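Student: Below is work07.csv; it holds CSV, C-alpha atoms and all ligand atoms.
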```
chain,number,residue,atom,x,y,z
A,67,MET,CA,-40.8,46.0,-37.0
A,68,HIS,CA,-40.4,46.7,-33.3
A,69,VAL,CA,-37.4,45.2,-31.5
A,70,HIS,CA,-37.4,45.3,-27.8
A,71,LYS,CA,-34.6,47.3,-26.2
A,72,LEU,CA,-33.3,44.3,-24.1
A,73,GLU,CA,-33.4,42.2,-27.3
A,74,LYS,CA,-31.2,44.8,-29.0
A,75,ILE,CA,-28.8,44.8,-26.2
A,76,TRP,CA,-28.4,41.1,-26.1
A,77,LEU,CA,-28.2,40.8,-29.9
A,78,THR,CA,-25.4,43.4,-29.9
A,79,PHE,CA,-23.6,41.6,-27.0
A,80,GLY,CA,-23.9,38.3,-28.9
A,81,GLY,CA,-22.5,39.9,-32.0
A,82,LEU,CA,-19.6,41.5,-30.2
A,83,MET,CA,-18.8,38.2,-28.5
A,84,LEU,CA,-18.7,36.4,-31.8
A,85,ALA,CA,-16.4,39.1,-33.3
A,86,ALA,CA,-14.1,38.9,-30.2
A,87,PHE,CA,-14.0,35.1,-30.5
A,88,LEU,CA,-13.0,35.2,-34.2
A,89,VAL,CA,-10.3,37.8,-33.5
A,90,VAL,CA,-8.8,35.7,-30.7
A,91,LEU,CA,-9.0,32.6,-32.9
A,92,THR,CA,-7.4,34.3,-35.8
A,93,ILE,CA,-4.6,35.8,-33.7
A,94,ASN,CA,-4.0,32.3,-32.2
A,95,ALA,CA,-4.0,30.5,-35.5
A,96,PHE,CA,-1.8,32.9,-37.5
A,97,ALA,CA,-0.1,35.7,-35.6
A,98,MET,CA,1.2,33.5,-32.8
A,99,GLY,CA,2.3,30.8,-35.2
A,100,ASN,CA,0.2,28.1,-33.6
A,101,THR,CA,-0.6,26.5,-37.0
A,102,PRO,CA,0.7,22.9,-37.3
A,103,PRO,CA,4.5,23.3,-37.8
A,104,SER,CA,4.8,20.4,-40.3
A,105,ASP,CA,3.1,19.6,-43.6
A,106,LEU,CA,4.4,22.8,-45.2
A,107,GLN,CA,6.5,21.3,-48.0
A,108,GLN,CA,5.0,19.5,-50.9
A,109,ILE,CA,6.5,16.6,-52.8
A,110,ASP,CA,5.4,14.4,-55.7
A,111,PRO,CA,4.7,11.1,-53.9
A,112,THR,CA,5.4,9.1,-57.1
A,113,LYS,CA,8.9,10.6,-57.4
A,114,VAL,CA,10.0,10.5,-53.8
A,115,ASP,CA,13.0,8.3,-54.6
A,116,GLN,CA,14.2,10.8,-57.3
A,117,THR,CA,13.5,14.0,-55.3
A,118,PRO,CA,16.3,15.5,-53.1
A,119,PRO,CA,16.9,15.0,-50.2
A,120,PHE,CA,14.9,11.8,-50.4
A,121,ASP,CA,17.0,10.4,-53.3
A,122,LYS,CA,19.7,9.9,-50.6
A,123,PRO,CA,17.8,9.3,-47.4
A,124,GLY,CA,19.7,9.3,-44.2
A,125,LEU,CA,21.6,11.6,-41.8
A,126,VAL,CA,23.2,14.8,-43.1
A,127,LYS,CA,25.5,16.7,-40.7
A,128,ILE,CA,24.7,20.4,-40.9
A,129,SER,CA,26.8,21.8,-38.0
A,130,GLU,CA,28.4,20.7,-34.8
A,131,ASN,CA,26.2,17.9,-33.5
A,132,GLU,CA,23.3,19.0,-35.6
A,133,TYR,CA,21.8,16.9,-38.3
A,134,ASP,CA,19.1,16.7,-40.9
A,135,LEU,CA,17.5,13.2,-40.9
A,136,ASN,CA,15.7,12.5,-44.2
A,137,MET,CA,13.5,9.4,-44.0
A,138,ILE,CA,10.9,7.7,-46.1
A,139,GLY,CA,8.0,5.7,-44.8
A,140,TYR,CA,6.6,3.0,-47.0
A,141,ALA,CA,4.5,-0.2,-46.7
A,142,PHE,CA,6.0,-1.6,-44.5
A,143,GLY,CA,9.1,0.0,-43.2
A,144,TYR,CA,11.3,3.1,-43.1
A,145,THR,CA,14.4,4.1,-45.1
A,146,PRO,CA,16.9,4.1,-43.4
A,147,ALA,CA,15.9,1.4,-41.0
A,148,LEU,CA,18.7,2.1,-38.5
A,149,VAL,CA,20.0,5.6,-37.6
A,150,GLU,CA,22.9,6.2,-35.2
A,151,ILE,CA,23.5,9.7,-33.7
A,152,PRO,CA,25.9,11.0,-31.1
A,153,LYS,CA,24.7,11.9,-27.6
A,154,GLY,CA,23.4,15.5,-27.5
A,155,ALA,CA,22.6,15.7,-31.2
A,156,THR,CA,19.9,17.9,-32.5
A,157,VAL,CA,18.0,16.2,-35.2
A,158,HIS,CA,15.8,17.9,-37.8
A,159,PHE,CA,13.5,15.1,-38.9
A,160,HIS,CA,12.1,15.4,-42.5
A,161,VAL,CA,9.9,12.5,-43.3
A,162,THR,CA,7.5,11.7,-46.1
A,163,SER,CA,5.6,8.7,-47.4
A,164,ARG,CA,5.9,7.2,-50.9
A,165,ASP,CA,2.6,5.3,-50.8
A,166,VAL,CA,-0.1,5.6,-48.2
A,167,MET,CA,-0.7,7.3,-44.9
A,168,HIS,CA,1.7,6.2,-42.2
A,169,GLY,CA,2.6,7.2,-38.7
A,170,PHE,CA,6.1,8.3,-37.4
A,171,GLU,CA,6.4,8.0,-33.7
A,172,VAL,CA,9.8,8.0,-31.9
A,173,ALA,CA,8.5,6.0,-28.9
A,174,GLY,CA,9.1,7.6,-25.5
A,175,THR,CA,9.5,11.1,-27.0
A,176,ASP,CA,7.2,13.8,-28.2
A,177,VAL,CA,8.1,13.2,-31.8
A,178,ASN,CA,4.9,11.9,-33.4
A,179,MET,CA,3.8,12.8,-36.9
A,180,MET,CA,1.3,11.6,-39.5
A,181,LEU,CA,3.0,10.9,-42.9
A,182,THR,CA,0.8,11.9,-45.8
A,183,PRO,CA,1.8,11.1,-49.3
A,184,GLY,CA,2.6,14.4,-51.1
A,185,LEU,CA,3.7,16.2,-48.0
A,186,VAL,CA,7.0,16.4,-46.0
A,187,ASN,CA,6.7,16.5,-42.3
A,188,SER,CA,9.4,18.1,-40.2
A,189,VAL,CA,10.1,18.3,-36.5
A,190,THR,CA,13.2,19.0,-34.4
A,191,LYS,CA,14.4,17.1,-31.4
A,192,THR,CA,17.6,17.1,-29.3
A,193,PHE,CA,18.6,13.7,-27.8
A,194,ASN,CA,20.6,14.4,-24.6
A,195,ASP,CA,20.7,10.8,-23.3
A,196,VAL,CA,22.2,7.7,-24.6
A,197,GLY,CA,19.7,5.1,-25.6
A,198,SER,CA,17.8,3.2,-28.2
A,199,PHE,CA,14.5,4.4,-29.6
A,200,LEU,CA,11.9,2.5,-31.5
A,201,ILE,CA,10.4,4.4,-34.5
A,202,LEU,CA,7.0,3.0,-35.2
A,203,CYS,CA,4.0,3.4,-37.4
A,204,ASN,CA,0.9,4.2,-35.4
A,205,GLU,CA,-1.4,4.7,-38.3
A,206,TYR,CA,-3.0,1.5,-39.7
A,207,CYS,CA,-1.6,1.1,-43.2
A,208,GLY,CA,-2.2,-2.5,-44.3
A,209,THR,CA,-1.4,-6.1,-43.6
A,210,GLY,CA,2.2,-5.4,-42.6
A,211,HIS,CA,1.4,-2.4,-40.3
A,212,GLN,CA,2.6,-4.1,-37.1
A,213,ILE,CA,6.1,-4.8,-38.5
A,214,MET,CA,6.6,-1.3,-39.7
A,215,ALA,CA,9.5,0.1,-37.6
A,216,ALA,CA,13.0,1.5,-37.5
A,217,HIS,CA,15.5,2.2,-34.8
A,218,LEU,CA,17.3,5.3,-33.6
A,219,VAL,CA,20.3,4.8,-31.5
A,220,VAL,CA,21.9,7.6,-29.5
A,221,LYS,CA,25.5,6.8,-28.4
A,301,LIG,CU1,2.7,2.2,-41.8
A,301,LIG,CU2,1.1,1.4,-40.2
```
Re-express the file's structure as C-alpha cells.

Tutor:
Amino acid sequence: MHVHKLEKIWLTFGGLMLAAFLVVLTINAFAMGNTPPSDLQQIDPTKVDQTPPFDKPGLVKISENEYDLNMIGYAFGYTPALVEIPKGATVHFHVTSRDVMHGFEVAGTDVNMMLTPGLVNSVTKTFNDVGSFLILCNEYCGTGHQIMAAHLVVK
C-alpha cells in the first residue's frame, strides 16, 4: 500500500500531538495533585452513627485555633445543626451522608461539596471574620430538601 509522503507527515504529527496531550493530561491529573481533594476516605453508609469520628459528630480542637469539624448530612438536616467557632479558626470539614446524596455549601464561601453515601468529603477553610454562615444543601434530595440547613457562627 502506498501512503503519500504528506499523509505520513500529518499522521505522525497527529500521533505526536495525541501523545503530548495525554502526557500533559496525566501530569496535570496525578503529578500536580489536581485530582479532586475530597472523596478519598470510604465509610459504610449504614454504620455512620457507629463509625468514628461520626459517632460523636461536632467540633474537635486539634491545635491553637484549629479544629476538625465532623458533620453528618441526612434527609433533611445536618448534625450538628449549629456550630460555633472563634474568629480566625481554621476548620477541617469532614462530612458524610448517611442516606442519599446531599450538598454541603457554606454560603458565601468557596466551601461547596457533594456528599455521597459511603464517602467522606474533606475541605479546609480559615474563617478570619466574625459572622454567621448558612450551611445548605444544594443537591435535590427529597421532599424536605429546602429545609435542609445548619448554621456556622464565627465569633
Ligand atoms: Cu439534602 Cu437537598

Student: Throw together the list of residues within 12 Å of ligand LIG 301 (chain A), counting only C-alpha atoms and all ligand atoms, and drop it here as a ChimeraX atom specification.

Tutor: /A:138-144,162-171,179-183,201-216

Student: Do you know which residues lie at most 10 Å from (10.9, 15.1, -54.8), with coordinates as in the file and all atoms listed in the file counted, and could you write them as number ranges by chain?

Tutor: A: 108-121, 162, 184-186

Student: Based on the selection just made, write C-alpha atoms of those residues as an mmCIF file, in the frame of the given file.

Tutor:
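For reference, again_18.cif as written:
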```cif
data_model
loop_
_atom_site.group_PDB
_atom_site.id
_atom_site.type_symbol
_atom_site.label_atom_id
_atom_site.label_comp_id
_atom_site.auth_asym_id
_atom_site.auth_seq_id
_atom_site.Cartn_x
_atom_site.Cartn_y
_atom_site.Cartn_z
ATOM 1 C CA GLN A 108 5.000 19.500 -50.900
ATOM 2 C CA ILE A 109 6.500 16.600 -52.800
ATOM 3 C CA ASP A 110 5.400 14.400 -55.700
ATOM 4 C CA PRO A 111 4.700 11.100 -53.900
ATOM 5 C CA THR A 112 5.400 9.100 -57.100
ATOM 6 C CA LYS A 113 8.900 10.600 -57.400
ATOM 7 C CA VAL A 114 10.000 10.500 -53.800
ATOM 8 C CA ASP A 115 13.000 8.300 -54.600
ATOM 9 C CA GLN A 116 14.200 10.800 -57.300
ATOM 10 C CA THR A 117 13.500 14.000 -55.300
ATOM 11 C CA PRO A 118 16.300 15.500 -53.100
ATOM 12 C CA PRO A 119 16.900 15.000 -50.200
ATOM 13 C CA PHE A 120 14.900 11.800 -50.400
ATOM 14 C CA ASP A 121 17.000 10.400 -53.300
ATOM 15 C CA THR A 162 7.500 11.700 -46.100
ATOM 16 C CA GLY A 184 2.600 14.400 -51.100
ATOM 17 C CA LEU A 185 3.700 16.200 -48.000
ATOM 18 C CA VAL A 186 7.000 16.400 -46.000
#
```

Student: To one decimal place, how far is atom CA of Asn131 of chain A from atom CA of Ala173 of chain A in Å?

Tutor: 21.8 Å

Student: Report, in Å with one decimal, the straight-line distance from atom CA of Leu148 of chain A to atom CA of Leu218 of chain A.

Tutor: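 So the answer is 6.0 Å.
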
Student: Compare A:Asn187, A:Ala86, A:Gln107, A:Gly80 by their minimum atom-to-atom distance to Asn136 of chain A, counting all atoms listed in the file, and give me the closest one.

Tutor: A:Asn187

Student: By how many Å are atom CA of Asp195 of chain A and atom CA of Thr145 of chain A apart?

Tutor: 23.7 Å
